[in-house]
$ cat start_9.txt   # compact mmCIF, C-alpha atoms
# COMPACT_ATOMS: atom_id res chain seq x y z
CA MET O 1 4.36 78.89 29.29
CA SER O 2 1.36 80.02 27.31
CA VAL O 3 -1.11 77.59 25.77
CA PRO O 4 -0.32 78.48 22.11
CA ILE O 5 3.39 77.88 22.65
CA LEU O 6 2.67 74.47 24.29
CA GLU O 7 0.44 73.43 21.38
CA ASN O 8 3.16 74.33 18.88
CA GLU O 9 5.74 72.21 20.75
CA VAL O 10 3.39 69.18 20.91
CA ALA O 11 2.63 69.42 17.21
CA SER O 12 6.36 69.69 16.42
CA THR O 13 7.11 66.64 18.56
CA VAL O 14 4.39 64.53 16.87
CA LYS O 15 5.68 65.51 13.44
CA GLN O 16 9.23 64.53 14.36
CA LEU O 17 8.05 61.16 15.69
CA SER O 18 6.01 60.41 12.57
CA GLN O 19 8.98 61.23 10.37
CA SER O 20 11.34 59.09 12.44
CA TYR O 21 9.09 55.98 12.30
CA ASN O 22 8.54 56.26 8.52
CA TYR O 23 5.13 54.56 8.30
CA PRO O 24 5.27 53.79 4.54
CA GLU O 25 8.52 51.84 4.96
CA MET O 26 7.03 49.89 7.89
CA ASN O 27 4.04 48.93 5.76
CA VAL O 28 6.34 47.53 3.08
CA ARG O 29 8.21 45.43 5.62
CA LEU O 30 5.00 44.14 7.18
CA LYS O 31 3.65 43.14 3.78
CA ALA O 32 6.87 41.30 2.94
CA ALA O 33 6.78 39.49 6.29
CA ALA O 34 3.12 38.57 5.68
CA ARG O 35 3.95 37.15 2.26
CA TRP O 36 6.73 34.94 3.64
CA GLY O 37 4.48 33.97 6.54
CA LEU O 38 2.00 32.79 3.90
CA VAL O 39 4.74 30.48 2.60
CA LEU O 40 5.08 28.83 6.01
CA VAL O 41 1.31 28.45 6.35
CA THR O 42 1.04 26.94 2.86
CA LEU O 43 3.89 24.53 3.54
CA ALA O 44 2.27 23.40 6.81
CA ILE O 45 -1.14 22.86 5.18
CA THR O 46 0.25 20.93 2.19
CA THR O 47 2.45 18.78 4.43
CA PHE O 48 -0.57 17.83 6.54
CA ALA O 49 -2.61 17.10 3.40
CA VAL O 50 0.14 14.86 2.01
CA PHE O 51 0.37 13.02 5.34
CA ILE O 52 -3.38 12.31 5.24
CA LEU O 53 -3.15 11.17 1.62
CA LEU O 54 -0.22 8.84 2.29
CA MET O 55 -2.08 7.37 5.27
CA GLY O 56 -4.91 6.69 2.85
CA LEU O 57 -2.58 4.50 0.78
CA MET O 58 -3.20 1.79 3.39
CA THR O 59 -6.74 1.47 2.04
CA TRP O 60 -5.91 2.21 -1.59
CA PRO O 61 -6.44 0.84 -4.10
CA ASP O 62 -10.05 0.04 -3.46
CA ARG O 63 -10.61 -3.71 -3.56
CA SER O 64 -13.82 -3.39 -5.55
CA LEU O 65 -11.93 -1.43 -8.24
CA VAL O 66 -9.27 -4.14 -8.50
CA ALA O 67 -11.94 -6.85 -8.67
CA ALA O 68 -13.88 -4.99 -11.37
CA LEU O 69 -10.80 -4.44 -13.56
CA THR O 70 -9.64 -8.01 -12.99
CA ALA O 71 -13.00 -9.25 -14.27
CA LEU O 72 -12.28 -7.29 -17.48
CA GLY O 73 -9.03 -9.20 -17.93
CA ILE O 74 -6.62 -6.58 -16.51
CA ALA O 75 -3.89 -8.04 -14.31
CA PRO O 76 -4.54 -7.02 -10.67
CA ARG O 77 -0.85 -6.30 -10.08
CA ALA O 78 -0.85 -3.80 -12.97
CA THR O 79 -3.88 -2.01 -11.50
CA ILE O 80 -2.28 -1.78 -8.06
CA ASP O 81 1.03 -0.45 -9.43
CA ALA O 82 -0.72 2.19 -11.55
CA VAL O 83 -2.93 3.41 -8.72
CA HIS O 84 -0.06 3.56 -6.24
CA ARG O 85 2.09 5.54 -8.66
CA LEU O 86 -0.74 7.95 -9.38
CA ASP O 87 -1.26 8.44 -5.64
CA PHE O 88 2.39 9.31 -5.07
CA PHE O 89 2.44 11.73 -8.02
CA ILE O 90 -0.66 13.53 -6.73
CA ALA O 91 0.88 13.72 -3.23
CA ILE O 92 4.07 15.29 -4.62
CA LEU O 93 2.08 17.84 -6.66
CA ILE O 94 0.03 18.80 -3.59
CA TRP O 95 3.18 19.27 -1.55
CA VAL O 96 5.36 21.12 -4.10
CA VAL O 97 3.12 23.24 -6.34
CA PRO O 98 1.23 25.37 -3.75
CA SER O 99 4.39 25.92 -1.70
CA ALA O 100 6.42 26.91 -4.76
CA CYS O 101 3.70 29.31 -5.93
CA ALA O 102 3.62 30.87 -2.45
CA ILE O 103 7.41 31.35 -2.60
CA GLY O 104 7.07 32.97 -6.04
CA PHE O 105 4.39 35.30 -4.70
CA ALA O 106 6.55 36.26 -1.71
CA ALA O 107 9.60 36.87 -3.94
CA ARG O 108 7.49 38.77 -6.52
CA LEU O 109 8.34 36.32 -9.29
CA SER O 110 6.26 35.47 -12.33
CA GLN O 111 3.56 33.01 -11.33
CA ARG O 112 3.66 31.33 -14.73
CA GLY O 113 7.37 30.72 -14.47
CA THR O 114 7.04 29.61 -10.86
CA LEU O 115 4.36 27.09 -11.83
CA ARG O 116 6.57 25.60 -14.57
CA ALA O 117 9.46 25.32 -12.12
CA ALA O 118 7.18 23.69 -9.52
CA LEU O 119 5.96 21.13 -12.05
CA SER O 120 9.54 20.34 -13.06
CA ILE O 121 10.60 19.85 -9.44
CA SER O 122 7.58 17.61 -8.90
CA VAL O 123 8.44 15.45 -11.91
CA ILE O 124 12.08 15.11 -10.81
CA LEU O 125 11.02 14.09 -7.29
CA PHE O 126 8.48 11.64 -8.73
CA ALA O 127 11.09 10.09 -11.03
CA SER O 128 13.44 9.68 -8.07
CA LEU O 129 10.67 8.03 -6.07
CA CYS O 130 9.88 5.67 -8.95
CA PHE O 131 13.55 4.67 -9.13
CA PHE O 132 13.60 3.56 -5.49
CA LEU O 133 9.95 2.43 -5.37
CA ASP O 134 10.36 -0.40 -7.88
CA GLY O 135 12.14 -2.99 -5.77
CA ARG O 136 11.09 -6.09 -7.71
CA ASP O 137 13.46 -8.02 -9.92
CA ASP O 138 11.51 -7.11 -13.07
CA SER O 139 11.76 -3.35 -12.44
CA VAL O 140 15.09 -2.66 -14.23
CA PHE O 141 13.15 -1.47 -17.26
CA MET O 142 11.14 0.98 -15.12
CA LYS O 143 14.27 2.22 -13.33
CA GLY O 144 15.80 3.10 -16.69
CA PHE O 145 12.70 5.08 -17.65
CA ALA O 146 12.84 6.93 -14.33
CA VAL O 147 16.48 7.95 -14.93
CA ILE O 148 15.74 9.11 -18.49
CA ALA O 149 12.72 11.14 -17.36
CA ALA O 150 14.69 12.84 -14.57
CA VAL O 151 17.59 13.72 -16.91
CA ILE O 152 15.27 15.20 -19.56
CA VAL O 153 13.50 17.48 -17.08
CA LEU O 154 16.71 18.45 -15.28
CA ILE O 155 18.44 19.54 -18.52
CA ALA O 156 15.39 21.53 -19.66
CA PHE O 157 15.08 23.10 -16.20
CA ILE O 158 18.71 24.27 -16.17
CA VAL O 159 18.57 25.63 -19.73
CA SER O 160 15.37 27.58 -18.97
CA PHE O 161 17.22 29.53 -16.26
CA PHE O 162 19.61 31.01 -18.80
CA LYS O 163 17.27 31.41 -21.76
CA SER O 164 13.81 32.74 -21.09
CA ASN O 165 12.46 31.58 -24.46
CA PHE O 166 12.91 27.93 -23.39
CA SER O 167 9.85 27.98 -21.10
CA ARG O 168 7.73 26.10 -23.65
CA LEU O 169 10.49 23.50 -23.96
CA LEU O 170 10.33 22.98 -20.20
CA ALA O 171 6.58 22.29 -20.37
CA ILE O 172 7.13 19.78 -23.18
CA ALA O 173 9.93 18.11 -21.19
CA ASN O 174 7.59 17.73 -18.20
CA LEU O 175 4.92 16.14 -20.39
CA VAL O 176 7.40 13.72 -21.98
CA ALA O 177 8.78 12.71 -18.58
CA VAL O 178 5.33 12.01 -17.13
CA SER O 179 4.49 9.95 -20.21
CA LEU O 180 7.67 7.91 -19.72
CA LEU O 181 6.82 7.25 -16.08
CA PHE O 182 3.19 6.25 -16.66
CA GLY O 183 3.42 4.82 -20.19
CA PRO O 184 4.67 1.31 -19.29
CA LEU O 185 1.96 0.98 -16.64
CA ALA O 186 -0.72 1.99 -19.14
CA ILE O 187 0.63 -0.61 -21.57
CA ALA O 188 0.60 -3.27 -18.84
CA MET O 189 -3.03 -2.46 -18.02
CA SER O 190 -4.01 -2.61 -21.69
CA ARG O 191 -2.77 -6.19 -21.97
CA ARG O 192 -5.46 -8.75 -21.27
CA THR O 193 -4.47 -11.74 -19.17
CA ASN O 194 -4.83 -15.10 -20.92
CA THR O 195 -6.44 -16.84 -17.97
CA ALA O 196 -8.82 -19.75 -18.22
CA PRO O 197 -12.53 -18.93 -18.08
CA GLN O 198 -14.49 -18.91 -14.85
CA PRO O 199 -16.36 -22.19 -14.32
CA LYS O 200 -20.14 -22.45 -14.13
CA ARG O 201 -21.54 -21.18 -10.83
CA LEU O 202 -24.23 -23.45 -9.40
CA TRP O 203 -25.23 -21.62 -6.22
CA SER O 204 -24.14 -19.29 -3.43
CA SER O 205 -25.18 -19.46 0.21
CA THR O 206 -24.79 -17.08 3.16
CA LEU O 207 -23.97 -18.91 6.38
CA GLN O 208 -23.17 -16.01 8.68
CA GLN O 209 -23.03 -12.33 7.80
CA ASP O 210 -19.97 -10.20 8.73
CA GLN O 211 -19.08 -11.92 11.99
CA TRP O 212 -15.73 -13.31 13.10
CA GLN O 213 -14.34 -13.07 9.57
CA SER O 214 -10.73 -12.99 10.77
CA MET O 215 -11.29 -16.06 12.97
CA ASN O 216 -12.83 -18.04 10.11
CA THR O 217 -10.60 -17.04 7.18
CA GLY O 218 -7.42 -15.84 8.89
CA SER O 219 -5.36 -18.97 8.26
CA GLY O 220 -4.10 -20.64 5.13
CA TYR O 221 -3.79 -23.90 7.06
CA ALA O 222 -7.48 -23.82 8.04
CA ALA O 223 -8.72 -22.85 4.57
CA THR O 224 -8.81 -26.48 3.36
CA ARG O 225 -10.03 -27.87 6.70
CA GLN O 226 -13.29 -25.99 7.24
CA VAL O 227 -15.23 -27.26 4.22
CA ALA O 228 -15.50 -30.82 2.87
CA PHE O 229 -17.67 -33.03 0.67
CA ALA O 230 -19.54 -36.00 2.16
CA GLY O 231 -21.67 -37.92 -0.30
CA ASP O 232 -24.20 -35.52 -1.80
CA ARG O 233 -23.59 -32.92 0.91
CA VAL O 234 -21.15 -30.10 1.60
CA ILE O 235 -20.14 -29.80 5.26
CA VAL O 236 -18.74 -26.55 6.70
CA VAL O 237 -17.56 -25.60 10.18
CA PHE O 238 -16.95 -22.08 11.46
CA ASP O 239 -16.73 -19.99 14.60
CA ALA O 240 -20.16 -18.46 15.25
CA GLY O 241 -19.07 -16.31 18.21
CA PHE O 242 -18.70 -16.64 21.95
CA ALA O 243 -20.85 -19.20 23.72
CA PRO O 244 -23.82 -17.77 25.70
CA SER O 245 -22.36 -18.96 28.99
CA GLN O 246 -18.70 -19.11 29.95
CA PRO O 247 -17.21 -21.52 32.52
CA ALA O 248 -16.73 -19.79 35.86
CA LYS O 249 -13.34 -21.33 36.62
CA ASP O 250 -11.94 -21.37 33.11
CA LYS O 251 -10.38 -18.07 32.09
CA TRP O 252 -10.04 -19.20 28.47
CA PRO O 253 -13.18 -18.07 26.58
CA VAL O 254 -15.48 -20.61 24.95
CA SER O 255 -16.77 -20.30 21.37
CA THR O 256 -19.73 -21.83 19.62
CA TYR O 257 -18.61 -23.77 16.54
CA ARG O 258 -21.36 -24.35 14.02
CA LEU O 259 -21.47 -27.28 11.56
CA ILE O 260 -23.87 -27.00 8.62
CA SER O 261 -24.79 -29.65 6.06
CA LEU O 262 -25.65 -28.17 2.62
CA ASP O 263 -27.19 -29.85 -0.39
CA LEU O 264 -24.52 -30.26 -3.07
CA LYS O 265 -26.86 -29.39 -5.96
CA THR O 266 -28.79 -26.45 -4.50
CA GLY O 267 -26.86 -25.18 -1.47
CA ALA O 268 -29.93 -25.51 0.75
CA LYS O 269 -29.22 -25.87 4.48
CA LEU O 270 -30.37 -29.36 5.47
CA LYS O 271 -28.97 -29.78 8.97
CA GLU O 272 -27.12 -27.69 11.54
CA ILE O 273 -25.51 -28.48 14.88
CA SER O 274 -23.36 -26.50 17.34
CA ILE O 275 -20.32 -27.59 19.34
CA ALA O 276 -18.89 -25.68 22.29
CA GLY O 277 -15.11 -25.50 22.47
CA ARG O 278 -12.16 -23.38 23.50
CA TRP O 279 -11.90 -20.13 21.62
CA GLY O 280 -9.30 -20.44 18.85
CA SER O 281 -9.47 -24.28 18.74
CA MET O 282 -11.37 -24.77 15.49
CA PRO O 283 -12.68 -28.36 15.13
CA TYR O 284 -11.29 -29.04 11.65
CA ILE O 285 -13.16 -31.52 9.46
CA TYR O 286 -11.80 -34.21 7.13
CA PRO O 287 -13.80 -36.41 4.76
CA THR O 288 -13.37 -40.17 5.24
CA GLN O 289 -13.07 -42.64 2.40
CA ASP O 290 -16.50 -44.09 3.20
CA GLY O 291 -18.40 -40.79 2.99
CA PHE O 292 -18.34 -39.61 6.61
CA ILE O 293 -16.80 -36.58 8.31
CA ASP O 294 -14.03 -36.80 10.90
CA VAL O 295 -14.43 -33.82 13.28
CA GLN O 296 -11.30 -32.89 15.26
CA SER O 297 -13.19 -31.75 18.34
CA ASN O 298 -12.80 -32.71 21.98
CA PRO O 299 -13.93 -35.47 22.13
CA GLN O 300 -13.33 -36.44 18.51
CA ARG O 301 -16.48 -37.11 16.48
CA THR O 302 -17.33 -39.01 13.31
CA LEU O 303 -20.50 -37.74 11.65
CA ASN O 304 -22.53 -38.84 8.66
CA PRO O 305 -23.73 -36.33 6.02
CA ASP O 306 -26.75 -35.55 8.23
CA LEU O 307 -24.35 -34.61 11.07
CA VAL O 308 -25.45 -37.59 13.12
CA PRO O 309 -22.73 -39.45 15.07
CA VAL O 310 -21.68 -42.70 13.39
CA SER O 311 -21.58 -45.90 15.48
CA ASP O 312 -20.54 -49.45 14.67
CA ALA O 313 -22.59 -52.59 15.40
CA SER O 314 -21.76 -52.45 19.11
CA GLY O 315 -23.11 -48.92 19.39
CA THR O 316 -19.73 -47.22 19.88
CA ALA O 317 -17.99 -44.80 17.58
CA PRO O 318 -15.57 -46.54 15.21
CA ALA O 319 -11.90 -46.13 16.00
CA ASN O 320 -9.07 -45.41 13.57
CA ARG O 321 -11.38 -44.63 10.69
CA THR O 322 -9.34 -43.92 7.55
CA THR O 323 -9.60 -40.34 6.31
CA THR O 324 -8.32 -38.67 3.18
CA ARG O 325 -5.43 -37.20 5.20
CA GLU O 326 -3.72 -40.55 5.67
CA ARG O 327 -0.51 -39.26 4.09
CA LEU O 328 1.59 -36.69 5.95
CA GLU O 329 1.56 -33.19 4.50
CA CYS O 330 4.52 -30.81 4.65
CA GLY O 331 3.52 -27.29 3.73
CA GLY O 332 5.37 -25.22 6.31
CA ALA O 333 8.37 -22.95 6.03
CA ASN O 334 10.77 -25.79 6.90
CA CYS O 335 9.63 -27.94 3.96
CA ASP O 336 11.71 -27.86 0.81
CA PRO O 337 9.83 -28.22 -1.41
CA PRO O 338 6.33 -27.89 0.12
CA THR O 339 4.58 -31.25 -0.33
CA TYR O 340 0.86 -32.05 -0.27
CA VAL O 341 -1.37 -35.10 -0.69
CA LEU O 342 -2.62 -35.72 -4.24
CA GLY O 343 -4.67 -38.92 -4.23
CA LYS O 344 -2.25 -41.83 -3.90
CA ASN O 345 0.68 -39.57 -4.79
CA VAL O 346 2.03 -36.24 -3.56
CA ILE O 347 2.49 -32.88 -5.25
CA GLN O 348 5.56 -30.74 -4.72
CA LEU O 349 5.37 -26.99 -5.30
CA ARG O 350 8.41 -25.03 -6.41
CA GLN O 351 8.79 -21.46 -7.60
CA LYS O 352 6.18 -21.24 -10.39
CA ARG O 353 6.41 -25.00 -11.02
CA PHE O 354 4.89 -28.20 -9.67
CA GLN O 355 5.61 -31.89 -9.98
CA VAL O 356 3.65 -35.01 -9.05
CA VAL O 357 5.71 -37.73 -7.32
CA ASP O 358 4.70 -41.30 -6.46
CA SER O 359 5.54 -43.20 -3.26
CA THR O 360 8.92 -44.32 -4.67
CA GLY O 361 10.02 -40.74 -5.49
CA HIS O 362 9.47 -41.15 -9.24
CA VAL O 363 8.26 -37.95 -10.96
CA LEU O 364 5.01 -38.70 -12.78
CA SER O 365 4.19 -35.28 -14.23
CA GLY O 366 4.86 -31.58 -13.84
CA GLY O 367 4.15 -28.17 -15.23
CA ASN O 368 4.28 -24.40 -14.80
CA LEU O 369 2.11 -22.39 -12.40
CA VAL O 370 0.36 -19.25 -13.61
CA ASP O 371 1.27 -17.51 -10.36
CA TRP O 372 2.90 -18.55 -7.11
CA GLY O 373 0.45 -19.07 -4.26
CA ALA O 374 -0.83 -21.34 -1.52
CA PHE O 375 -2.05 -24.89 -1.95
CA ALA O 376 -5.87 -24.87 -1.96
CA GLY O 377 -6.73 -28.56 -2.01
CA ALA O 378 -6.85 -31.51 -4.42
CA SER O 379 -9.45 -34.01 -5.53
CA ALA O 380 -9.45 -37.42 -3.85
CA ASP O 381 -8.78 -39.15 -7.19
CA GLY O 382 -5.63 -37.04 -7.66
CA ARG O 383 -6.67 -35.63 -11.04
CA ARG O 384 -6.94 -31.95 -10.12
CA PHE O 385 -5.56 -29.46 -7.62
CA ALA O 386 -5.97 -25.74 -6.90
CA ILE O 387 -3.59 -22.88 -6.11
CA GLN O 388 -4.74 -19.75 -4.26
CA SER O 389 -3.02 -16.51 -5.28
CA SER O 390 -3.52 -13.23 -3.44
CA TYR O 391 -1.91 -9.91 -2.58
CA THR O 392 -1.98 -8.10 0.77
CA GLU O 393 -0.94 -4.62 1.85
CA GLY O 394 -1.45 -2.18 4.72
CA ASP O 395 -0.70 -2.34 8.44
CA PRO O 396 -2.39 -4.47 9.58
CA ASP O 397 -2.44 -6.04 6.16
CA PHE O 398 -5.59 -6.93 4.25
CA VAL O 399 -6.27 -8.91 1.08
CA VAL O 400 -6.54 -6.70 -2.01
CA TYR O 401 -7.33 -9.49 -4.47
CA GLU O 402 -7.62 -13.26 -4.45
CA TYR O 403 -8.16 -15.90 -7.11
CA PHE O 404 -7.99 -19.68 -7.48
CA THR O 405 -6.42 -21.52 -10.41
CA ILE O 406 -7.54 -25.10 -11.11
CA TYR O 407 -4.92 -27.36 -12.71
CA ASP O 408 -4.96 -30.75 -14.38
CA ALA O 409 -2.34 -32.75 -12.46
CA ALA O 410 -1.59 -35.04 -15.43
CA ASN O 411 -0.44 -32.39 -17.89
CA GLY O 412 -0.36 -29.10 -15.96
CA ASN O 413 -3.05 -27.43 -18.07
CA VAL O 414 -5.07 -24.64 -16.47
CA LEU O 415 -8.74 -25.65 -16.42
CA SER O 416 -10.42 -22.72 -14.68
CA THR O 417 -9.77 -19.47 -12.84
CA ILE O 418 -12.04 -18.23 -10.05
CA HIS O 419 -11.78 -14.57 -8.97
CA MET O 420 -13.11 -13.87 -5.48
CA LYS O 421 -15.23 -10.78 -4.81
CA ASP O 422 -16.08 -11.39 -1.13
CA LEU O 423 -12.51 -11.32 0.16
CA PRO O 424 -11.27 -13.13 3.28
CA ALA O 425 -8.98 -12.02 6.09
CA ARG O 426 -6.23 -14.31 4.76
CA GLN O 427 -7.46 -17.17 2.55
CA SER O 428 -10.90 -18.36 1.44
CA TRP O 429 -12.10 -21.89 2.11
CA SER O 430 -11.79 -24.38 -0.74
CA ALA O 431 -12.43 -28.07 -1.45
CA PHE O 432 -12.88 -30.47 -4.37
CA SER O 433 -15.55 -33.11 -4.69
CA PRO O 434 -14.08 -36.66 -4.69
CA ASP O 435 -14.63 -37.01 -8.47
CA ALA O 436 -13.11 -33.55 -9.18
CA ARG O 437 -16.32 -32.38 -10.84
CA TYR O 438 -17.18 -29.68 -8.29
CA PHE O 439 -15.17 -27.04 -6.47
CA VAL O 440 -16.53 -25.06 -3.53
CA THR O 441 -14.93 -21.89 -2.19
CA GLY O 442 -15.78 -18.86 -0.07
CA ASN O 443 -16.36 -17.94 3.56
CA PRO O 444 -19.31 -17.65 5.96
CA ASN O 445 -20.48 -14.47 4.20
CA LYS O 446 -20.71 -16.21 0.82
CA LEU O 447 -20.00 -19.85 -0.05
CA THR O 448 -20.14 -20.65 -3.77
CA MET O 449 -20.26 -23.96 -5.64
CA TYR O 450 -18.76 -24.28 -9.13
CA GLU O 451 -19.06 -27.03 -11.72
CA LEU O 452 -15.67 -27.55 -13.36
CA PRO O 453 -15.28 -28.23 -17.08
$ encode --input "start_9.txt" --output "C-alpha cells"
Amino acid sequence: MSVPILENEVASTVKQLSQSYNYPEMNVRLKAAARWGLVLVTLAITTFAVFILLMGLMTWPDRSLVAALTALGIAPRATIDAVHRLDFFIAILIWVVPSACAIGFAARLSQRGTLRAALSISVILFASLCFFLDGRDDSVFMKGFAVIAAVIVLIAFIVSFFKSNFSRLLAIANLVAVSLLFGPLAIAMSRRTNTAPQPKRLWSSTLQQDQWQSMNTGSGYAATRQVAFAGDRVIVVFDAGFAPSQPAKDKWPVSTYRLISLDLKTGAKLKEISIAGRWGSMPYIYPTQDGFIDVQSNPQRTLNPDLVPVSDASGTAPANRTTTRERLECGGANCDPPTYVLGKNVIQLRQKRFQVVDSTGHVLSGGNLVDWGAFAGASADGRRFAIQSSYTEGDPDFVVYEYFTIYDAANGNVLSTIHMKDLPARQSWSAFSPDARYFVTGNPNKLTMYELP
C-alpha cells in the first residue's frame, strides 16, 4: 500500500472517531457534573462550618457580655436567650443559603429566586427549632409565635411557586416571621429589672491569682465555710496547691491549705499561716460566739483573729467550744423544705418563697424570693440572709452569671443585689458580719467587702 493511500485512511479513521465521541456534548456533560459536584462541596463546607459554630455555643454567650448588660439592668436570662437564638439562626443561614444557591446554579435557576427560597426555608427551619427549643413552662407564648411565623412563610412560599409576581410578598413574609421570632426577646431585653441597688464597696483583695479555682469555688456547701468574720478581722481558707513534699508511703496527695487574716476595714493582709492536709479535705472554718475561729482540720484547731491557737488557763485547747453552727442544717436533696440556721431560728426555702420558723415550729415571717437559688449565709443576729442565683451551661458546665440578693428576714424586703464579675467554678464565697452590717463575697482571685444599707 502506498504512503498517500495510508495517510488518507488514517485521516478518515480519526475523523470518524472524533465524530463518534462528540466532544461538544461531552463538554456539556462535564460542566453539568462539575456544577452538581460544587453542590456537594458546598454542602460539606457549610456542614463543617455549622458544626464548628454549634460547638462554639458551649462558650457562648460570653460571660463578660452578660455581666456588662446585667450591670445596665438587662435580665441575664433575656441576654442568654437572645444570643442563643441568634446563634442558631446564623447557623441555619450558613447551612441552607450557600447550599441552596449552589443547587440553583447547578439547575440553572434564577439566583434571586433561589435566594428568596433559601431564606424562606431557613426561616421555617428556625421557627421549628424555636418551637422545640423553648422547653420552659413560660414558653407557650413563644411557641405560638413560632407556629404563626412558620405558617406565614409557608403560605407565601407555596403561593410564590404558582404566581411569579408574589416574590416581593415572600420577602415581606420572611421579614415579618423573623420579627415575630426575635421581637419578644428584644422586648424582654428592653425591660429593666427592678433589682435593689448594689451596696457600697469598701475594698477588694487578691489572695491567689488563677490557681485551683475549681477546688476553691467548686462546691455550694463550701461557699459559706471558707470565709468568716472574727472580731475586726475576716478569715479565709483556701487550697494553695500541692505541698512541696509528699509522704512516701501515702498515695493520697497532700495540699497546702492557707489561712489569711484580713483587716475588716481595709482588706490588708495581717497574718497568714499554712496547714498541710489531704488533698480534697478542706479545713472548713466556723466563727465561734466569743470571736474565735473553729478550724475543722486534723487535728482540730481553735484560732484567734491573729490565727494563733487559743488555750485555756491550763494551757490546753478548749473543748466543746460553741460555734455559730450549733443548730443542724438540712440543705441537701433529701430535705423538704431545705432548712438553714438563722440566728436562734431557722429559715426554710421553698420555690420562690421563704419562711422563718422558731424552735416550736411557729412561722414568724415569710416573703417572696426574687429568684430561686442557693443559700449563701445569714447574719448571727438572724436579721438578714443571702441567696445566690446563677446559671450554668456547657459540657463541662461553667457559670455564665452569678449574683447575690440580700433579704431582710423580718419582712422579706430586698436590701441589696450584688452582681459578680469574677465568676467561680460553682459558687462564690459569702459571709455576713455578726451585726449584719457587712457582707463579704468572692474567691481567691478577688475577695470584696460590702457595707450594707
$ closest_residue --input "start_9.txt" --among "O:Leu447, O:Ile103, O:Ile275, O:Leu423" --to "Leu40 in chain O" --atoms "all atoms listed in the file"
O:Ile103
$ atom_distance --input "start_9.txt" --atom1 "CA of Ile260 in chain O" --atom2 "CA of Ala425 in chain O"
21.3 Å
$ residues_around --input "start_9.txt" --residues "Ser430 in chain O" --least-positions-apart "5" --cutoff "7 Å" --atoms "only C-alpha atoms" --output "PyMOL selection string"
chain O and resi 223-224+227+376-377+440-442
$ closest_residue --input "start_9.txt" --among "O:Ala33, O:Met189, O:Ile285, O:Ile418" --to "Ser390 in chain O" --atoms "only C-alpha atoms"
O:Ile418
$ closest_residue --input "start_9.txt" --among "O:Met142, O:Ala431, O:Leu72, O:Leu86" --to "Val236 in chain O" --atoms "all atoms listed in the file"
O:Ala431
$ closest_residue --input "start_9.txt" --among "O:Cys101, O:Ala222, O:Leu43, O:Leu180" --to "Gly113 in chain O" --atoms "only C-alpha atoms"
O:Cys101
$ atom_distance --input "start_9.txt" --atom1 "CA of Val254 in chain O" --atom2 "CA of Ala230 in chain O"
27.8 Å
$ closest_residue --input "start_9.txt" --among "O:Asp81, O:Asp336, O:Asp397, O:Asp290" --to "Thr302 in chain O" --atoms "only C-alpha atoms"
O:Asp290
$ closest_residue --input "start_9.txt" --among "O:Pro76, O:Pro98, O:Pro444, O:Pro244" --to "Leu185 in chain O" --atoms "all atoms listed in the file"
O:Pro76
$ residues_around --input "start_9.txt" --residues "range 45-50 of chain O" --least-positions-apart "6" --cutoff "12 Å" --atoms "only C-alpha atoms" --output "PyMOL selection string"
chain O and resi 38-39+56-57+87-100+102
$ atom_distance --input "start_9.txt" --atom1 "CA of Ile273 in chain O" --atom2 "CA of Met215 in chain O"
19.0 Å
$ residues_around --input "start_9.txt" --residues "range 120-124 of chain O" --least-positions-apart "6" --cutoff "9 Å" --atoms "only C-alpha atoms" --output "count of residues only"
20
$ residues_around --input "start_9.txt" --residues "range 341-351 of chain O" --least-positions-apart "6" --cutoff "6 Å" --atoms "all atoms listed in the file" --output "PDB file with C-alpha atoms, in the frame of the given file"
ATOM      1  CA  VAL O 357       5.710 -37.730  -7.320  1.00  0.00           C
ATOM      2  CA  ASP O 358       4.700 -41.300  -6.460  1.00  0.00           C
ATOM      3  CA  ALA O 378      -6.850 -31.510  -4.420  1.00  0.00           C
ATOM      4  CA  ALA O 380      -9.450 -37.420  -3.850  1.00  0.00           C
ATOM      5  CA  ASP O 381      -8.780 -39.150  -7.190  1.00  0.00           C
ATOM      6  CA  GLY O 382      -5.630 -37.040  -7.660  1.00  0.00           C
TER       7      GLY O 382
END
$ residues_around --input "start_9.txt" --residues "Ile187 in chain O" --least-positions-apart "6" --cutoff "12 Å" --atoms "all atoms listed in the file" --output "MDAnalysis selection string"
chainID O and resid 74:75 78:79 82 179:181
